[in-house]
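run_4.cif follows; it contains mmCIF, C-alpha atoms and all ligand atoms.
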```cif
data_final
loop_
_atom_site.label_atom_id
_atom_site.label_comp_id
_atom_site.auth_asym_id
_atom_site.auth_seq_id
_atom_site.Cartn_x
_atom_site.Cartn_y
_atom_site.Cartn_z
CA MET X 5 0.00 0.00 0.00
CA LYS X 6 1.41 3.40 -1.00
CA THR X 7 1.29 6.30 1.44
CA ALA X 8 0.54 9.88 0.38
CA LEU X 9 0.80 13.13 2.31
CA ILE X 10 -1.31 16.11 1.23
CA THR X 11 -0.85 19.70 2.38
CA GLY X 12 -4.09 21.64 1.87
CA VAL X 13 -6.17 18.47 2.26
CA THR X 14 -9.16 20.49 3.53
CA GLY X 15 -9.31 22.58 0.33
CA GLN X 16 -11.24 21.92 -2.86
CA ASP X 17 -8.44 19.99 -4.58
CA GLY X 18 -7.23 18.29 -1.40
CA SER X 19 -10.63 16.71 -0.87
CA PHE X 20 -10.87 15.44 -4.47
CA LEU X 21 -7.30 14.16 -4.41
CA ALA X 22 -7.78 12.35 -1.08
CA GLU X 23 -10.85 10.63 -2.55
CA LEU X 24 -8.95 9.63 -5.67
CA LEU X 25 -5.98 8.24 -3.73
CA LEU X 26 -8.20 6.30 -1.31
CA SER X 27 -10.02 4.79 -4.30
CA LYS X 28 -6.62 3.64 -5.60
CA GLY X 29 -5.82 1.88 -2.31
CA TYR X 30 -3.46 4.49 -0.81
CA GLU X 31 -3.11 5.33 2.86
CA VAL X 32 -3.71 9.09 2.88
CA HIS X 33 -2.38 11.59 5.43
CA GLY X 34 -3.45 15.22 5.34
CA ILE X 35 -2.12 18.33 7.06
CA VAL X 36 -4.84 20.44 8.65
CA ARG X 37 -4.23 23.87 10.14
CA ARG X 38 -5.72 24.59 13.47
CA ALA X 39 -8.82 26.79 13.40
CA SER X 40 -11.36 27.77 16.03
CA THR X 41 -14.13 26.25 13.91
CA PHE X 42 -14.23 22.94 12.02
CA ASN X 43 -12.51 23.28 8.64
CA THR X 44 -12.84 19.67 7.48
CA ASP X 45 -16.34 19.85 5.92
CA ARG X 46 -15.09 18.93 2.45
CA LEU X 47 -13.66 15.70 3.87
CA ASP X 48 -16.97 14.61 5.41
CA PRO X 49 -17.75 12.10 2.61
CA ILE X 50 -14.49 10.22 3.25
CA TYR X 51 -13.91 10.85 6.95
CA GLU X 52 -13.05 7.70 8.88
CA ASP X 53 -12.62 7.28 12.62
CA PRO X 54 -8.83 6.80 12.90
CA HIS X 55 -9.46 4.27 15.70
CA GLU X 56 -11.05 1.88 13.19
CA PRO X 57 -8.48 -0.75 12.13
CA SER X 58 -9.57 -0.32 8.50
CA ALA X 59 -9.00 3.47 8.52
CA ARG X 60 -6.81 4.79 5.69
CA LEU X 61 -7.33 8.56 6.09
CA PHE X 62 -5.39 10.33 8.83
CA LEU X 63 -5.23 14.04 9.64
CA HIS X 64 -2.37 15.86 11.37
CA TYR X 65 -2.22 19.40 12.69
CA GLY X 66 0.47 21.41 10.93
CA ASP X 67 1.05 24.60 9.01
CA LEU X 68 3.15 25.65 6.04
CA THR X 69 4.43 28.57 8.12
CA ASP X 70 5.75 26.14 10.77
CA GLY X 71 8.70 24.13 9.46
CA ALA X 72 9.09 22.01 12.61
CA SER X 73 5.55 20.68 12.30
CA LEU X 74 6.19 19.75 8.66
CA ARG X 75 9.39 17.87 9.53
CA ARG X 76 7.72 15.96 12.39
CA ILE X 77 4.80 14.91 10.19
CA LEU X 78 7.14 13.82 7.40
CA GLU X 79 9.16 11.67 9.80
CA LYS X 80 6.05 10.09 11.26
CA VAL X 81 4.22 9.43 7.97
CA GLN X 82 7.19 8.51 5.72
CA PRO X 83 5.14 9.11 2.57
CA ASP X 84 5.90 7.76 -0.89
CA GLU X 85 4.25 10.77 -2.49
CA ILE X 86 3.71 14.35 -1.28
CA TYR X 87 1.19 16.70 -2.86
CA ASN X 88 1.84 20.32 -1.85
CA LEU X 89 -1.57 21.94 -2.33
CA GLY X 90 -1.68 24.22 0.73
CA ALA X 91 -1.89 27.94 -0.10
CA GLN X 92 -3.48 31.29 0.55
CA SER X 93 -5.02 30.79 -2.88
CA HIS X 94 -7.17 33.91 -3.38
CA VAL X 95 -5.61 36.34 -5.86
CA ARG X 96 -7.57 39.43 -4.76
CA VAL X 97 -6.77 38.74 -1.09
CA SER X 98 -3.06 38.45 -1.91
CA PHE X 99 -2.96 42.19 -2.69
CA ASP X 100 -4.11 42.87 0.90
CA GLN X 101 -2.03 40.14 2.55
CA ALA X 102 1.04 40.01 0.36
CA GLU X 103 3.60 39.02 3.01
CA PHE X 104 1.41 36.30 4.47
CA THR X 105 0.72 34.96 0.96
CA ALA X 106 4.46 34.84 0.20
CA ASP X 107 5.16 33.14 3.53
CA VAL X 108 2.64 30.35 2.91
CA VAL X 109 2.92 29.96 -0.86
CA ALA X 110 6.61 30.58 -1.59
CA THR X 111 8.49 30.06 1.70
CA GLY X 112 5.99 27.37 2.75
CA THR X 113 6.94 25.37 -0.34
CA LEU X 114 10.62 25.91 0.43
CA ARG X 115 10.04 24.62 3.99
CA VAL X 116 8.48 21.40 2.69
CA LEU X 117 11.23 20.97 0.08
CA GLU X 118 13.96 21.44 2.70
CA ALA X 119 12.28 18.88 4.94
CA VAL X 120 11.98 16.43 2.02
CA ARG X 121 15.59 16.95 1.00
CA ASP X 122 16.85 16.05 4.51
CA HIS X 123 14.39 13.18 4.86
CA VAL X 124 15.51 11.62 1.56
CA GLU X 125 19.19 12.12 2.38
CA HIS X 126 19.00 10.61 5.88
CA LEU X 127 16.64 7.72 5.22
CA HIS X 128 17.68 6.94 1.62
CA ARG X 129 14.02 6.67 0.60
CA GLU X 130 12.50 7.95 -2.64
CA VAL X 131 9.77 10.53 -2.10
CA LYS X 132 7.89 11.93 -5.08
CA PHE X 133 6.72 15.53 -4.83
CA TYR X 134 3.93 17.40 -6.61
CA GLN X 135 3.94 21.21 -6.53
CA ALA X 136 0.62 22.99 -7.16
CA GLY X 137 1.58 25.63 -9.69
CA SER X 138 -0.90 27.99 -11.27
CA SER X 139 -1.80 29.53 -14.63
CA GLU X 140 -1.76 32.85 -12.72
CA MET X 141 2.04 32.61 -13.13
CA PHE X 142 1.51 33.40 -16.84
CA GLY X 143 -0.45 36.53 -15.90
CA ALA X 144 -0.03 39.03 -18.72
CA ALA X 145 1.59 36.58 -21.19
CA ASN X 146 -0.34 36.26 -24.44
CA PRO X 147 -2.63 33.25 -24.82
CA PRO X 148 -2.47 30.35 -25.47
CA GLN X 149 0.01 29.57 -22.66
CA SER X 150 2.08 26.38 -22.55
CA GLU X 151 5.07 24.98 -20.63
CA THR X 152 7.40 27.14 -22.76
CA THR X 153 5.56 30.45 -22.18
CA ALA X 154 7.51 32.90 -20.01
CA PHE X 155 5.89 33.79 -16.68
CA TYR X 156 4.61 37.35 -16.13
CA PRO X 157 2.94 37.35 -12.69
CA ARG X 158 0.38 40.08 -11.95
CA SER X 159 -0.28 39.63 -8.22
CA PRO X 160 1.61 38.83 -5.00
CA TYR X 161 -0.04 35.38 -5.18
CA ALA X 162 1.25 34.78 -8.71
CA ALA X 163 4.75 36.06 -7.85
CA ALA X 164 4.84 33.68 -4.85
CA LYS X 165 3.75 30.76 -7.06
CA VAL X 166 6.53 31.62 -9.53
CA ALA X 167 9.06 31.51 -6.67
CA ALA X 168 7.66 28.15 -5.51
CA HIS X 169 7.86 26.83 -9.09
CA TRP X 170 11.54 27.72 -9.40
CA TYR X 171 12.35 26.37 -5.93
CA ALA X 172 10.82 23.10 -7.09
CA VAL X 173 12.81 23.07 -10.35
CA ASN X 174 16.00 23.87 -8.46
CA TYR X 175 15.50 21.10 -5.88
CA ARG X 176 14.92 18.66 -8.75
CA GLU X 177 18.11 19.72 -10.51
CA ALA X 178 20.36 20.39 -7.50
CA HIS X 179 19.36 17.46 -5.29
CA GLY X 180 18.04 14.96 -7.83
CA LEU X 181 14.61 14.84 -6.20
CA PHE X 182 11.55 13.53 -8.06
CA ILE X 183 9.54 16.76 -8.30
CA CYS X 184 6.79 17.73 -10.75
CA ASN X 185 5.25 21.16 -11.20
CA GLY X 186 1.63 21.06 -12.31
CA ILE X 187 0.69 24.36 -13.94
CA LEU X 188 -3.04 24.11 -13.49
CA PHE X 189 -5.53 26.46 -15.07
CA ASN X 190 -8.69 27.36 -13.13
CA HIS X 191 -10.66 24.35 -12.00
CA GLU X 192 -13.96 24.46 -10.22
CA SER X 193 -16.62 22.27 -8.63
CA HIS X 194 -19.48 22.32 -6.16
CA ARG X 195 -16.73 22.33 -3.48
CA ARG X 196 -15.06 25.49 -4.80
CA GLY X 197 -14.59 28.19 -2.15
CA GLU X 198 -17.55 30.58 -2.20
CA THR X 199 -15.41 33.67 -2.86
CA PHE X 200 -14.06 32.48 -6.21
CA VAL X 201 -16.10 33.91 -9.06
CA THR X 202 -17.74 30.73 -10.43
CA ARG X 203 -19.03 29.50 -7.07
CA LYS X 204 -19.92 33.04 -6.00
CA ILE X 205 -22.13 33.23 -9.10
CA THR X 206 -23.78 29.82 -8.78
CA ARG X 207 -24.39 30.28 -5.01
CA ALA X 208 -25.85 33.76 -5.44
CA LEU X 209 -28.03 33.05 -8.48
CA ALA X 210 -29.49 29.95 -6.82
CA ARG X 211 -30.25 31.99 -3.68
CA ILE X 212 -31.81 34.74 -5.82
CA LYS X 213 -33.95 32.11 -7.52
CA MET X 214 -35.20 30.97 -4.10
CA GLY X 215 -35.87 34.55 -2.91
CA LEU X 216 -33.03 34.46 -0.36
CA GLN X 217 -31.11 37.48 -1.74
CA ASP X 218 -31.73 40.24 -4.30
CA LYS X 219 -28.39 41.25 -5.72
CA LEU X 220 -25.02 39.88 -6.75
CA PHE X 221 -22.02 42.24 -6.69
CA LEU X 222 -19.13 41.38 -8.98
CA GLY X 223 -15.94 42.94 -10.37
CA ASN X 224 -14.57 42.59 -13.90
CA LEU X 225 -16.91 40.58 -16.14
CA ASP X 226 -14.59 40.69 -19.19
CA ALA X 227 -11.75 38.55 -17.81
CA LYS X 228 -11.43 35.19 -19.57
CA ARG X 229 -10.46 31.95 -17.92
CA ASP X 230 -9.86 28.36 -19.02
CA TRP X 231 -12.23 26.63 -16.58
CA GLY X 232 -12.12 22.87 -15.99
CA TYR X 233 -13.48 20.43 -13.41
CA ALA X 234 -11.42 19.85 -10.23
CA GLY X 235 -12.27 16.13 -10.19
CA ASP X 236 -10.52 15.74 -13.58
CA TYR X 237 -7.51 17.86 -12.59
CA VAL X 238 -6.48 15.88 -9.50
CA GLU X 239 -6.11 12.85 -11.76
CA ALA X 240 -3.46 14.79 -13.72
CA MET X 241 -1.57 15.47 -10.46
CA TRP X 242 -1.48 11.75 -9.69
CA LEU X 243 -0.46 10.82 -13.26
CA MET X 244 2.54 13.18 -13.08
CA LEU X 245 3.94 11.29 -10.09
CA GLN X 246 3.39 7.91 -11.78
CA HIS X 247 5.47 8.86 -14.83
CA GLU X 248 9.02 7.50 -14.95
CA LYS X 249 10.56 10.97 -15.24
CA PRO X 250 9.74 14.10 -13.19
CA ASP X 251 8.66 17.03 -15.35
CA ASP X 252 6.40 20.08 -15.53
CA TYR X 253 2.96 20.08 -17.19
CA VAL X 254 0.20 22.51 -18.11
CA VAL X 255 -3.24 21.15 -17.20
CA ALA X 256 -6.12 22.92 -18.94
CA THR X 257 -9.10 22.36 -21.24
CA GLY X 258 -7.87 24.48 -24.19
CA GLU X 259 -11.10 26.56 -24.15
CA SER X 260 -11.71 29.90 -22.48
CA TYR X 261 -14.82 31.86 -21.54
CA SER X 262 -15.41 35.26 -19.96
CA VAL X 263 -16.95 35.76 -16.52
CA ARG X 264 -19.93 37.23 -18.42
CA GLU X 265 -20.29 33.98 -20.41
CA PHE X 266 -20.18 31.97 -17.18
CA LEU X 267 -22.97 34.22 -15.86
CA ASP X 268 -25.00 33.71 -19.06
CA ARG X 269 -24.77 29.92 -18.78
CA ALA X 270 -25.49 29.76 -15.04
CA ALA X 271 -28.45 32.17 -15.28
CA ALA X 272 -29.87 30.21 -18.23
CA CYS X 273 -29.83 27.01 -16.12
CA LEU X 274 -32.03 28.83 -13.58
CA ASP X 275 -34.13 30.78 -16.09
CA ILE X 276 -33.03 34.13 -14.60
CA ASP X 277 -32.18 37.37 -16.41
CA TRP X 278 -28.94 38.21 -14.60
CA HIS X 279 -28.78 41.77 -15.98
CA SER X 280 -31.43 42.86 -13.49
CA VAL X 281 -29.68 41.40 -10.42
CA VAL X 282 -25.94 41.83 -11.04
CA ALA X 283 -24.20 45.08 -10.07
CA GLN X 284 -20.55 46.08 -10.14
CA ASP X 285 -18.60 46.72 -6.96
CA ALA X 286 -15.10 48.17 -7.35
CA ARG X 287 -13.84 46.28 -4.30
CA TYR X 288 -13.76 43.11 -6.41
CA LEU X 289 -11.51 44.66 -9.07
CA ARG X 290 -7.80 43.86 -8.90
CA PRO X 291 -5.05 46.51 -9.07
CA THR X 292 -3.51 44.45 -11.88
CA GLU X 293 -5.85 42.04 -13.66
CA VAL X 294 -5.08 38.90 -15.62
CA ASP X 295 -7.16 39.35 -18.76
CA HIS X 296 -6.95 36.09 -20.60
CA LEU X 297 -5.81 32.62 -19.58
CA LEU X 298 -6.07 29.85 -22.14
CA GLY X 299 -3.98 26.72 -21.67
CA ASP X 300 -2.42 24.37 -24.18
CA PRO X 301 -2.71 20.94 -22.54
CA GLY X 302 -0.97 19.14 -25.45
CA LYS X 303 2.00 17.86 -23.42
CA ALA X 304 -0.19 16.39 -20.63
CA ARG X 305 -2.28 14.65 -23.29
CA ARG X 306 0.72 13.25 -25.19
CA VAL X 307 2.94 12.24 -22.27
CA LEU X 308 0.47 11.42 -19.51
CA GLY X 309 -2.56 10.42 -21.59
CA TRP X 310 -4.61 12.95 -19.60
CA ALA X 311 -7.68 14.72 -20.99
CA PRO X 312 -10.49 16.60 -19.24
CA LYS X 313 -13.80 14.72 -19.12
CA LEU X 314 -16.40 17.28 -18.00
CA SER X 315 -17.27 20.04 -20.50
CA PHE X 316 -17.75 23.70 -19.58
CA ASP X 317 -21.55 23.46 -19.91
CA GLU X 318 -21.65 20.29 -17.79
CA LEU X 319 -19.49 21.97 -15.15
CA VAL X 320 -21.77 25.02 -14.90
CA LYS X 321 -24.86 22.79 -14.74
CA LYS X 322 -23.34 20.58 -12.03
CA MET X 323 -22.46 23.60 -9.87
CA VAL X 324 -25.85 25.28 -10.38
CA GLU X 325 -27.79 22.10 -9.56
CA HIS X 326 -25.80 21.60 -6.36
CA ASP X 327 -26.25 25.20 -5.24
CA LEU X 328 -29.96 25.22 -6.08
CA GLU X 329 -30.37 22.21 -3.81
CA LEU X 330 -28.47 24.06 -1.04
CA ALA X 331 -30.66 27.15 -1.53
CA LYS X 332 -33.81 25.02 -1.33
CA GLN X 333 -32.66 23.56 1.97
CA GLU X 334 -31.87 27.06 3.20
CA ALA X 335 -35.31 28.31 2.14
CA THR X 336 -37.00 25.44 3.99
CA LEU X 337 -35.06 26.25 7.15
CA ALA X 338 -35.87 29.96 6.76
CA LYS X 339 -39.57 29.14 6.52
CA ALA X 340 -39.26 27.19 9.77
CA GLY X 341 -37.79 30.28 11.44
CA HIS X 342 -34.06 29.52 11.20
CA HIS X 343 -33.15 33.00 10.00
CA THR X 344 -29.54 32.63 11.04
CA MET X 345 -29.08 30.61 7.84
CA LEU X 346 -29.94 33.68 5.75
CA ARG X 347 -26.54 35.06 4.96
CA ALA X 348 -25.57 36.79 1.75
CA VAL X 349 -22.45 35.71 -0.08
CA ARG X 350 -20.75 39.09 0.17
CA HIS X 351 -17.02 38.65 0.06
CA GLY X 352 -14.43 37.71 -2.56
P1 LIG S 401 -8.25 26.10 -1.58
O1 LIG S 401 -9.60 25.47 -1.70
O2 LIG S 401 -8.13 27.53 -1.24
O3 LIG S 401 -7.44 25.23 -0.50
C1 LIG S 401 -6.23 25.69 0.03
C2 LIG S 401 -5.81 24.74 1.12
O4 LIG S 401 -4.59 25.24 1.72
C3 LIG S 401 -6.81 24.61 2.28
O5 LIG S 401 -6.79 23.29 2.76
C4 LIG S 401 -6.25 25.56 3.32
O6 LIG S 401 -6.65 25.26 4.63
C5 LIG S 401 -4.76 25.27 3.13
N1 LIG S 401 -3.90 26.28 3.73
C6 LIG S 401 -4.02 27.63 3.67
N2 LIG S 401 -3.05 28.21 4.39
C7 LIG S 401 -2.29 27.20 4.91
C8 LIG S 401 -1.17 27.15 5.76
N3 LIG S 401 -0.59 28.26 6.24
N4 LIG S 401 -0.66 25.95 6.10
C9 LIG S 401 -1.23 24.80 5.65
N5 LIG S 401 -2.31 24.78 4.84
C10 LIG S 401 -2.83 25.97 4.49
O7 LIG S 401 -7.42 25.87 -2.91
P2 LIG S 401 -7.65 24.80 -4.10
O8 LIG S 401 -8.54 25.41 -5.10
O9 LIG S 401 -7.96 23.49 -3.49
O10 LIG S 401 -6.19 24.77 -4.74
C11 LIG S 401 -5.19 23.85 -4.30
C12 LIG S 401 -3.82 24.37 -4.68
O11 LIG S 401 -3.75 24.53 -6.09
C13 LIG S 401 -3.47 25.73 -4.10
O12 LIG S 401 -2.07 25.74 -3.90
C14 LIG S 401 -3.82 26.71 -5.21
O13 LIG S 401 -3.06 27.89 -5.08
C15 LIG S 401 -3.45 25.89 -6.42
N6 LIG S 401 -4.20 26.17 -7.65
C16 LIG S 401 -5.55 26.16 -7.66
C17 LIG S 401 -6.23 26.34 -8.86
C18 LIG S 401 -7.74 26.32 -8.92
O14 LIG S 401 -8.28 26.78 -9.93
N7 LIG S 401 -8.42 25.77 -7.93
C19 LIG S 401 -5.51 26.52 -10.04
C20 LIG S 401 -4.12 26.50 -9.99
C21 LIG S 401 -3.46 26.30 -8.80
P3 LIG S 401 -8.08 25.80 5.20
O15 LIG S 401 -9.12 24.84 4.67
O16 LIG S 401 -7.90 25.71 6.67
O17 LIG S 401 -8.27 27.19 4.68
O1 LIG S 402 -12.44 33.09 -9.44
P1 LIG S 402 -11.29 34.00 -9.32
O2 LIG S 402 -11.08 34.69 -8.02
O3 LIG S 402 -10.02 33.16 -9.75
P2 LIG S 402 -8.54 33.58 -10.23
O4 LIG S 402 -8.18 34.94 -9.80
O5 LIG S 402 -8.47 33.28 -11.69
O6 LIG S 402 -7.65 32.58 -9.39
C1 LIG S 402 -8.00 31.19 -9.27
O7 LIG S 402 -7.43 30.48 -10.33
C2 LIG S 402 -5.98 30.47 -10.34
C3 LIG S 402 -5.54 29.67 -11.57
O8 LIG S 402 -5.47 30.52 -12.68
C4 LIG S 402 -5.49 29.84 -9.04
F1 LIG S 402 -4.14 29.79 -9.05
C5 LIG S 402 -5.98 30.67 -7.87
O9 LIG S 402 -5.57 30.03 -6.66
C6 LIG S 402 -7.51 30.71 -7.91
O10 LIG S 402 -7.99 29.39 -7.69
O11 LIG S 402 -11.38 35.14 -10.45
C7 LIG S 402 -11.54 34.83 -11.81
C8 LIG S 402 -11.81 36.10 -12.58
C9 LIG S 402 -10.81 37.22 -12.29
O12 LIG S 402 -10.43 37.84 -13.49
C10 LIG S 402 -11.59 38.21 -11.44
O13 LIG S 402 -11.18 39.56 -11.60
O14 LIG S 402 -13.09 36.60 -12.19
C11 LIG S 402 -12.99 37.98 -12.00
N1 LIG S 402 -14.05 38.41 -11.08
C12 LIG S 402 -15.06 39.28 -11.41
N2 LIG S 402 -15.82 39.51 -10.35
C13 LIG S 402 -14.19 38.08 -9.79
C14 LIG S 402 -15.30 38.77 -9.32
N3 LIG S 402 -13.46 37.25 -8.99
C15 LIG S 402 -13.88 37.09 -7.71
N4 LIG S 402 -13.20 36.25 -6.91
N5 LIG S 402 -14.96 37.78 -7.20
C16 LIG S 402 -15.70 38.63 -7.97
O15 LIG S 402 -16.66 39.23 -7.50
#
```
Kindly present the structure from the file in C-alpha cells form.
Amino acid sequence: MKTALITGVTGQDGSFLAELLLSKGYEVHGIVRRASTFNTDRLDPIYEDPHEPSARLFLHYGDLTDGASLRRILEKVQPDEIYNLGAQSHVRVSFDQAEFTADVVATGTLRVLEAVRDHVEHLHREVKFYQAGSSEMFGAANPPQSETTAFYPRSPYAAAKVAAHWYAVNYREAHGLFICNGILFNHESHRRGETFVTRKITRALARIKMGLQDKLFLGNLDAKRDWGYAGDYVEAMWLMLQHEKPDDYVVATGESYSVREFLDRAAACLDIDWHSVVAQDARYLRPTEVDHLLGDPGKARRVLGWAPKLSFDELVKKMVEHDLELAKQEATLAKAGHHTMLRAVRHG
C-alpha cells in the first residue's frame, strides 16, 4: 500500500485528491491547520474514525508557516508521495495580505522541500513531490500559454507561485529529487470556495432564484479563464507522479470563456435574467488584472494520456444544480424560522 501526504487536504483539490488516492488503495495523510471552527467539511464524505483498524485517512495538525511541524509529520508518515496543495489561494486577497501569501505559498513550499531533502538524504528513501503551480504565473503573457511560455505574474499570489515553481525546479536539478510542477488552469466544482467567481455566481443566483437574496455584486466581467473540473484535474496530479521521469505540465481544457459567459450559462440554467440582479462593486476589481488565460494541454495529453472529461456546460450545470439544492434547503429552514441561515455571499 502506497502512502501519500497532502498539504491543503481540507481545500477543494485536497478533498478530491484524497478521494482519488483512497479509491486507488493508498493510505492518505493530510495536514490540517488549526482553526477555532471545524474546517474539514469537504472531507466529510471520506472521513473515517482513525481508531477503526480499517481506517486509511489520517489528519495531522500542521502549518506551512511552521517548518518544525512539517518535519515531524514527514518523519512520522514517511510518505511515498507528497502533494503540496496548501496555499493562501485567493488572488484578490493576496494584494491585501502580500507578506502572508508569500510566507505560505513561496516560503511554505521551500520549507516542505527542505524537509523532504533532509528526509531523503537521511533515510535513503525515494519521495515523489507534486507542486501545485498555477496559470496565474503566466499573468499578462499572451494566450495560449504552454510549458514554454515565459511567466509574467500580476499579483503577489502569482509572484509567490513563480518563486515556488523555481524552488521546485532547483531542488529537482540540485538534489536529484523527483519533483513535478503542475501548472493548473482554473478548476472548479461544487466544493469550490464561495469567494471564487464561479461559485460566487452559482451560489448567489441559486439563492436569488429561491428569494433568499436580491443582488449579486461582482468585479470585472470581461476577464477570460480556461475553466475545468477539479475532479478531472487531481487525476493529472497523480499521473505526473506515476510517470518515470519528473517534469512540468500545463493542465487545462484548451477553451476559455469570460466571466460574463459563465454568468450567461449559469443564469440560463435557472431561467433568470442576470442583468437585473448583477451590479458592479469596485472592491472586487484587482489593481492588476489577468485578462486572458487559455492553456495548451498538449504535453499532458501526449505524455500522460490525460484529458479533461467534463465540458464547460456540464461543469456550470453541475455547480448550479448543487447550489440550487443548497438554496432550497436554506429556504425550507428559513420558513421554519431559522433565519440565522440567511446570509448573503458578500465577500471575494
Ligand atoms: P483552496 O480550496 O483555497 O485550499 C487551500 C488549502 O490550503 C486549504 O486546505 C487551506 O486550509 C490550506 N492552507 C491555507 N493556508 C495554509 C497554511 N498556512 N498551512 C497549511 N495549509 C494551508 O485551494 P484549491 O482550489 O484546493 O487549490 C489547491 C492548490 O492549487 C493551491 O495551492 C492553489 O493555489 C493551487 N491552484 C488552484 C487552482 C484552482 O483553480 N483551484 C488553479 C491553480 C493552482 P483551510 O481549509 O484551513 O483554509
Ligand atoms: O475566481 P477568481 O477569483 O479566480 P482567479 O483569480 O483566476 O484565481 C483562481 O485560479 C488560479 C488559476 O489561474 C489559481 F491559481 C488561484 O488560486 C484561484 O484558484 O477570479 C476569476 C476572474 C478574475 O479575473 C476576477 O477579476 O473573475 C474575476 N471576477 C469578477 N468579479 C471576480 C469577481 N473574482 C472574484 N473572486 N470575485 C468577484 O466578484
Return as an mmCIF file with C-alpha atoms, in the frame of the given file every polymer residue, whether protein, DNA or RNA, with at least one atom no more than 7 Å from an atom of ligand LIG 402 (chain S); count all atoms listed in the file.
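The result, written out as selection_20.cif:
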```
data_model
loop_
_atom_site.group_PDB
_atom_site.id
_atom_site.type_symbol
_atom_site.label_atom_id
_atom_site.label_comp_id
_atom_site.auth_asym_id
_atom_site.auth_seq_id
_atom_site.Cartn_x
_atom_site.Cartn_y
_atom_site.Cartn_z
ATOM 1 C CA SER X 93 -5.020 30.790 -2.880
ATOM 2 C CA HIS X 94 -7.170 33.910 -3.380
ATOM 3 C CA VAL X 95 -5.610 36.340 -5.860
ATOM 4 C CA ARG X 96 -7.570 39.430 -4.760
ATOM 5 C CA SER X 138 -0.900 27.990 -11.270
ATOM 6 C CA SER X 139 -1.800 29.530 -14.630
ATOM 7 C CA GLU X 140 -1.760 32.850 -12.720
ATOM 8 C CA LEU X 188 -3.040 24.110 -13.490
ATOM 9 C CA PHE X 189 -5.530 26.460 -15.070
ATOM 10 C CA ASN X 190 -8.690 27.360 -13.130
ATOM 11 C CA THR X 199 -15.410 33.670 -2.860
ATOM 12 C CA PHE X 200 -14.060 32.480 -6.210
ATOM 13 C CA VAL X 201 -16.100 33.910 -9.060
ATOM 14 C CA THR X 202 -17.740 30.730 -10.430
ATOM 15 C CA LYS X 204 -19.920 33.040 -6.000
ATOM 16 C CA PHE X 221 -22.020 42.240 -6.690
ATOM 17 C CA LEU X 222 -19.130 41.380 -8.980
ATOM 18 C CA GLY X 223 -15.940 42.940 -10.370
ATOM 19 C CA ASN X 224 -14.570 42.590 -13.900
ATOM 20 C CA LEU X 225 -16.910 40.580 -16.140
ATOM 21 C CA ALA X 227 -11.750 38.550 -17.810
ATOM 22 C CA LYS X 228 -11.430 35.190 -19.570
ATOM 23 C CA ARG X 229 -10.460 31.950 -17.920
ATOM 24 C CA VAL X 263 -16.950 35.760 -16.520
ATOM 25 C CA TYR X 288 -13.760 43.110 -6.410
ATOM 26 C CA LEU X 289 -11.510 44.660 -9.070
ATOM 27 C CA ARG X 290 -7.800 43.860 -8.900
ATOM 28 C CA GLU X 293 -5.850 42.040 -13.660
ATOM 29 C CA VAL X 294 -5.080 38.900 -15.620
ATOM 30 C CA ASP X 295 -7.160 39.350 -18.760
ATOM 31 C CA GLY X 352 -14.430 37.710 -2.560
#
```
Problem set entry | Neighbour list for segment 67-80 of chain X as a PyMOL selection string, cut-off 6 Å, all atoms listed in the file, skip fewer than 3 positions in-chain | chain X and resi 37+108+112+115+119
Problem set entry | Pick from X:Tyr65, X:Tyr261, X:Phe133, X:Tyr156 nearest to Ile86 of chain X, counting all atoms listed in the file |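 Between X:Tyr65, X:Tyr261, X:Phe133, X:Tyr156, the residue approaching Ile86 of chain X most closely is X:Phe133.
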Exercise. Quick one: residues within 9 Å of Lys249 of chain X, all atoms listed in the file counted, chain neighbours fewer than 3 positions away excluded, as a VMD selection string?
Worked result: chain X and resid 182 184 244 to 246
For this session: Measure the distance from atom CA of Ser262 of chain X to atom CA of Ala163 of chain X in Å and round it to one decimal.
Result: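 A separation of 23.5 Å between them.
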Problem set entry | Pick from X:Met5, X:Leu216, X:Val120, X:Val238, whichever lies nearest to ligand LIG 401 (chain S) using all atoms listed in the file |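 Selected residue with least distance to ligand LIG 401 (chain S): X:Val238.
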Calculate, to one decimal in Å, the centre and edge lengths of the box along x, y and z of the file that holds all listed atoms of ligand LIG 401 (chain S) with 5 Å of margin on each side, and present them as lines of an AutoDock Vina configuration file.
```
center_x = -5.1
center_y = 25.8
center_z = -1.7
size_x = 19.0
size_y = 15.0
size_z = 26.7
```
For this session: Can you work out the spacing between atom CA of Gly90 of chain X and atom C1 of ligand LIG 401 (chain S) in Å, to one decimal?
Result: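 Here the two named atoms are 4.8 Å from each other.
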Point (-7.6, 28.1, -24.5), cut-off 9 Å, counting all atoms listed in the file, residues as a PDB file with C-alpha atoms, in the frame of the given file:
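Dumped everything to part_0.pdb:
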```pdb
ATOM      1  CA  PRO X 147      -2.630  33.250 -24.820  1.00  0.00           C
ATOM      2  CA  PRO X 148      -2.470  30.350 -25.470  1.00  0.00           C
ATOM      3  CA  GLN X 149       0.010  29.570 -22.660  1.00  0.00           C
ATOM      4  CA  ARG X 229     -10.460  31.950 -17.920  1.00  0.00           C
ATOM      5  CA  ASP X 230      -9.860  28.360 -19.020  1.00  0.00           C
ATOM      6  CA  ALA X 256      -6.120  22.920 -18.940  1.00  0.00           C
ATOM      7  CA  THR X 257      -9.100  22.360 -21.240  1.00  0.00           C
ATOM      8  CA  GLY X 258      -7.870  24.480 -24.190  1.00  0.00           C
ATOM      9  CA  GLU X 259     -11.100  26.560 -24.150  1.00  0.00           C
ATOM     10  CA  SER X 260     -11.710  29.900 -22.480  1.00  0.00           C
ATOM     11  CA  TYR X 261     -14.820  31.860 -21.540  1.00  0.00           C
ATOM     12  CA  HIS X 296      -6.950  36.090 -20.600  1.00  0.00           C
ATOM     13  CA  LEU X 297      -5.810  32.620 -19.580  1.00  0.00           C
ATOM     14  CA  LEU X 298      -6.070  29.850 -22.140  1.00  0.00           C
ATOM     15  CA  GLY X 299      -3.980  26.720 -21.670  1.00  0.00           C
ATOM     16  CA  ASP X 300      -2.420  24.370 -24.180  1.00  0.00           C
ATOM     17  CA  PRO X 301      -2.710  20.940 -22.540  1.00  0.00           C
TER      18      PRO X 301
END
```
For this session: Please measure the separation of atom CA of Tyr30 of chain X and atom CA of Asp84 of chain X, giving the value in Å to one decimal.
Result: 9.9 Å
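Restricting the calculation to all atoms listed in the file, the smallest distance between ligand LIG 401 (chain S) and any of X:Glu192, X:Asp268, X:Asp53, X:Glu85 is found for X:Glu192.
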